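Structure first, commentary second.
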Amino acid sequence: MRARIMSRRGTFPMAFLLLLSLAGSGAVMATDKKPAAVKSGFITTADGVRIHYLEAGKPVKAPSAEVGNPLPSGVKPTKGNISVYSTKEPPSLLFVPGWTMPAWIWQKQIDYFSRDFRVVAMDPRCQGESSQTSDGLYPAVRARDIKAVVDQLHLAPVVIVSWSMAVVETMAYIDQYGTGDFAGLVLVDSAASGRSAGDADQDFGLLKGVLEDRQNTTSGFVRNINFKKPQPEEYIQKLIQASLRVPTNTAVSLLVGYLTADYRAVLPKIDKPTIICAAKTPYMSTIVGMQATIPGSQVEIFDGDGHALFVDDPDRFNAAIEDFLQDLT
C-alpha cells in the first residue's frame with residue numbers, strides 16, 4: 001500500500017472509482033494493451049542545440065465512451081454519480097531525466113503510459129544523443145530547452161515528470177514561463193534548490209570524485225545511489241557508459257549549475273496539481289518539505305528504493321502516476 005500524505009482528492013482517488021465502473025462494463029483495461037512503438041527525433045533550440053527525444057503513443061481526439069448509464073441532462077459527474085469518463089482530451093507526458101542520464105532510463109514508463117497517452121522523453125543538452133555544447137549548462141537555459149520541446153512538439157497541456165536535477169530545471173521553467181503549459185507536475189526525488197545547509201562536504205566530495213576519478217565515481221553513483229534493488233549488470237553497464245558520454249568538464253559544470261541554483265521562491269506559485277515522489281532517505285525531509293509550500297500537493301514515499309525509484313519499483317511508480325493522471329482527466 002502506498003504511503004500518501006495530504007492527497008488532493010482525499011482517500012479514494014478518481015482512478016479507484018473509474019476502476020469500479022469499468023469492472024462491470026467489460027471495457028478493456030490499459031494492461032491489456034501493447035506498448036506503442038517508440039520513435040526517435042530531434043528539435044533545435046534557439047541557440048542551435050539539437051535536443052534528442054523519444055516519442056510514443058498519440059493524443060486521444062474523441063470523447064471517451066460511456067460507462068454504465070448516462071447522467072441526466074444538466075447533472076455534472078461527481079464522485080457520487082460517476083458513470084462516464086471525462087470528455088477532456090488527456091494531457092501528453094514529458095519525462096526529463098537527471099544529471100548525465102539518458103532519455104531511455106524512462107523506458108518502463110514510456111512502455112506503460114504510451115498505451116493511453118502521448119509520451120515524450122528527452123535527452124537534455126549534452127546528455128544522451130543531444131548536442132554537446134559548452135554553453136547553457138545551468139538550470140535556466142536547460143529549462144528553455146524543455147520549453148522548446150514542449151512548444152515544437154505541441155505537447156501542451158503536458159504533465160512534466162522531472163527527476164533529480166530536472167526538478168530544479170522545472171522550477172526554472174516556471175520561474176521564466178509560468179505554469180500555463182502544464183496540466184500537472186510530477187517531481188521525483190529532488191528539491192527546488194540544488195543543495196541544503198550542511199551539504200558542503202558531500203557536494204565538494206562529489207565534484208572532486210567526478211574530476212579526479214570519473215569512472216569509479218560514475219559507477220558508484222549508478223550502482224549505489226540510483227538503485228537499491230538488483231538490476232541486470234548489462235543494464236548497469238549501459239547506464240554507466242551513457243553517463244560517461246557526457247564529458248567530465250560538462251558533468252562538473254552541470255553539477256555546479258545545479259548546486260548553486262535556488263528556486264524555492266517558485267514553489268508557492270505552482271497552481272497545477274503536483275505529486276512529489278521521494279525515496280526514503282536521511283535527506284527525504286527536505287524533499288517532502290516542498291509539499292507544505294506547494295498548494296494542494298501530495299507526496300508518495302518509496303521505502304527501499306534508490307534515487308531512480310521509477311526503475312527500482314516501476315509498478316508502484318506507474319500506479320501512483322496513473323492515479324494522479326486519472327484525477328486530471
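In the C-alpha cells, each chain is lettered A, B, ... as it comes, each chain's residues begin at 1, and ligands are numbered from 1 in order of appearance.
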**Request:** Report as a PyMOL selection string: the residues of region 204-294 of chain A with a DSSP assignment of helix (DSSP H, G or I), based on the backbone of this structure.
**Result:** chain A and resi 204-212+214-226+233-244+248-259+264-269+284-292
Report the closest atom pair, with its distance in Å rounded to one decimal, for each residue of region 167-254 of chain A that has an atom no farther than 10 Å from region 97-107 of chain A; count only C-alpha atoms, sort by chain and then rising residue number, and write it as JSON lines.
{"residue": "A:Val167", "atom": "CA", "partner": "A:Gly98", "partner_atom": "CA", "distance": 8.3}
{"residue": "A:Val168", "atom": "CA", "partner": "A:Gly98", "partner_atom": "CA", "distance": 9.9}
{"residue": "A:Glu169", "atom": "CA", "partner": "A:Gly98", "partner_atom": "CA", "distance": 9.7}
{"residue": "A:Val188", "atom": "CA", "partner": "A:Gly98", "partner_atom": "CA", "distance": 9.6}
{"residue": "A:Ser190", "atom": "CA", "partner": "A:Gly98", "partner_atom": "CA", "distance": 9.7}
{"residue": "A:Thr218", "atom": "CA", "partner": "A:Thr100", "partner_atom": "CA", "distance": 9.6}
{"residue": "A:Val222", "atom": "CA", "partner": "A:Met101", "partner_atom": "CA", "distance": 9.6}
{"residue": "A:Tyr235", "atom": "CA", "partner": "A:Ile105", "partner_atom": "CA", "distance": 9.7}
{"residue": "A:Leu239", "atom": "CA", "partner": "A:Met101", "partner_atom": "CA", "distance": 7.3}
{"residue": "A:Ile240", "atom": "CA", "partner": "A:Met101", "partner_atom": "CA", "distance": 8.8}
{"residue": "A:Gln241", "atom": "CA", "partner": "A:Met101", "partner_atom": "CA", "distance": 9.8}
{"residue": "A:Ala242", "atom": "CA", "partner": "A:Pro102", "partner_atom": "CA", "distance": 6.6}
{"residue": "A:Ser243", "atom": "CA", "partner": "A:Thr100", "partner_atom": "CA", "distance": 4.9}
{"residue": "A:Leu244", "atom": "CA", "partner": "A:Thr100", "partner_atom": "CA", "distance": 7.8}
{"residue": "A:Arg245", "atom": "CA", "partner": "A:Thr100", "partner_atom": "CA", "distance": 8.2}
{"residue": "A:Val246", "atom": "CA", "partner": "A:Thr100", "partner_atom": "CA", "distance": 6.3}
{"residue": "A:Pro247", "atom": "CA", "partner": "A:Thr100", "partner_atom": "CA", "distance": 9.4}
{"residue": "A:Thr250", "atom": "CA", "partner": "A:Thr100", "partner_atom": "CA", "distance": 9.3}
{"residue": "A:Ala251", "atom": "CA", "partner": "A:Thr100", "partner_atom": "CA", "distance": 6.9}
{"residue": "A:Leu254", "atom": "CA", "partner": "A:Trp99", "partner_atom": "CA", "distance": 7.4}
**Request:** Mind checking which residues fall within 6 Å of Ser130 (chain A), counting only C-alpha atoms, ignoring those fewer than 5 positions away in the same chain, and posting them as JSON, numbers by chain?
**Result:** {"A": [50, 51, 52, 123, 125]}
Export, as a CSV table (one decimal), in the first residue's frame, the selected residues with all heavy atoms.
chain,number,residue,atom,x,y,z
A,50,ARG,N,20.8,20.8,-30.7
A,50,ARG,CA,19.8,19.7,-31.1
A,50,ARG,C,19.5,18.9,-29.9
A,50,ARG,O,20.4,18.3,-29.3
A,50,ARG,CB,20.4,18.9,-32.3
A,50,ARG,CG,20.3,19.6,-33.6
A,50,ARG,CD,21.2,18.9,-34.7
A,50,ARG,NE,21.0,17.4,-34.8
A,50,ARG,CZ,20.0,16.8,-35.5
A,50,ARG,NH1,19.1,17.6,-36.2
A,50,ARG,NH2,20.0,15.5,-35.6
A,51,ILE,N,18.2,18.9,-29.6
A,51,ILE,CA,17.7,18.1,-28.5
A,51,ILE,C,17.0,16.8,-29.0
A,51,ILE,O,16.1,16.9,-29.7
A,51,ILE,CB,16.7,18.9,-27.6
A,51,ILE,CG1,17.4,20.2,-27.1
A,51,ILE,CG2,16.2,18.0,-26.5
A,51,ILE,CD1,18.6,19.9,-26.1
A,52,HIS,N,17.6,15.7,-28.5
A,52,HIS,CA,17.0,14.4,-29.0
A,52,HIS,C,15.9,14.0,-28.0
A,52,HIS,O,15.9,14.3,-26.8
A,52,HIS,CB,18.1,13.3,-28.9
A,52,HIS,CG,17.6,11.9,-29.2
A,52,HIS,ND1,17.4,11.0,-28.2
A,52,HIS,CD2,17.2,11.4,-30.3
A,52,HIS,CE1,17.0,9.9,-28.7
A,52,HIS,NE2,16.8,10.1,-30.0
A,123,ASP,N,16.4,13.9,-24.1
A,123,ASP,CA,17.8,13.9,-23.6
A,123,ASP,C,18.1,15.4,-23.4
A,123,ASP,O,18.2,16.2,-24.4
A,123,ASP,CB,18.8,13.4,-24.7
A,123,ASP,CG,18.8,11.9,-24.8
A,123,ASP,OD1,18.6,11.2,-23.7
A,123,ASP,OD2,18.9,11.3,-25.9
A,125,ARG,N,20.4,18.8,-23.0
A,125,ARG,CA,21.6,19.1,-23.8
A,125,ARG,C,22.8,18.5,-23.1
A,125,ARG,O,22.9,18.4,-21.9
A,125,ARG,CB,21.8,20.7,-23.9
A,125,ARG,CG,22.0,21.4,-22.6
A,125,ARG,CD,22.4,22.9,-22.9
A,125,ARG,NE,21.4,23.6,-23.7
A,125,ARG,CZ,21.6,24.7,-24.4
A,125,ARG,NH1,22.8,25.3,-24.4
A,125,ARG,NH2,20.6,25.3,-25.0
**Request:** Tell me, as a list in words, which residues lie within 6 Å of region 306-319 of chain A, counting only C-alpha atoms; anything in the same chain fewer than 6 positions away does not count.
**Result:** Ile225, Asn226, Phe227, Lys228 and Lys229 of chain A
For C-alpha atoms, I'd like the residues from the last selection saved as a tab-separated table (two decimals), in the first residue's frame.
chain	number	residue	atom	x	y	z
A	225	ILE	CA	22.79	5.90	-5.38
A	226	ASN	CA	20.39	5.30	-8.25
A	227	PHE	CA	19.49	1.75	-7.25
A	228	LYS	CA	18.82	-0.11	-4.03
A	229	LYS	CA	17.37	-3.18	-5.73
**Request:** Mind giving me the straight-line distance from CA of Ile160 (chain A) to CA of Ile146 (chain A) in Å, one decimal?
**Result:** 9.6 Å
**Request:** Show which residues sit within 8 Å of region 256-272 of chain A, as a PyMOL selection string. Count only C-alpha atoms, and ignore same-chain residues fewer than 4 positions away.
**Result:** chain A and resi 137-139+165+168+171-172+174-175+179+182-185+192-195+203+252+290+293-295
**Message:** Give me the residues near Lys147 (chain A) as a list in words, where near means some atom within 9 Å (using only C-alpha atoms) and where sequence neighbours in that chain fewer than 3 positions away do not count.
**Reply:** Arg142, Ala143, Arg144, Val150, Asp151, Gln152, Tyr173, Tyr177 and Asp181 of chain A
**Coordinates-based distance that separates CA of Val96 (chain A) from CA of Gln127 (chain A) (Å, one decimal)** = 11.0 Å
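Between Tyr53 (chain A) and the residues A:Glu322, A:Glu129, A:Arg115, A:Thr281, the shortest atom-to-atom distance, using only C-alpha atoms, involves A:Glu129.
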**Polymer residues at most 7 Å from Lys39 (chain A), only C-alpha atoms, same-chain spacing of 5 or more positions, as a PyMOL selection string** = chain A and resi 54-56
Can you write out as a tab-separated table which residues of region 282-329 of chain A fall within 12 Å of region 153-158 of chain A, alongside each residue's closest atom pair and its distance in Å to one decimal, counting only C-alpha atoms and ordering rows by chain and ascending residue number?
residue	atom	partner	partner_atom	distance
A:Leu325	CA	A:Val158	CA	10.9
A:Leu328	CA	A:Val158	CA	11.0
A:Thr329	CA	A:Pro157	CA	11.6
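Those residues of region 85-149 of chain A that DSSP, working from the backbone, places in strand (DSSP E or B) are A:Ser92, A:Leu93, A:Leu94, A:Phe95, A:Val96, A:Val119, A:Val120, A:Ala121, A:Met122.
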**Counting only C-alpha atoms, the residue of A:Val186, A:Asn249, A:Leu207, A:Pro232 that sits nearest Glu300 (chain A)** = A:Val186
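In this model, the gap between CA of Asp189 (chain A) and CA of Ala148 (chain A) comes to 24.2 Å.
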**Message:** Considering only C-alpha atoms, can you say which of A:Asp213, A:Ala191, A:Lys238, A:Met122 comes closest to Gly289 (chain A)?
**Reply:** A:Ala191
**Request:** Kindly indicate which residue among A:Ala121, A:Ile275, A:Leu94, A:Val159 lies nearest to Phe42 (chain A), using only C-alpha atoms for the distances.
**Result:** A:Ala121
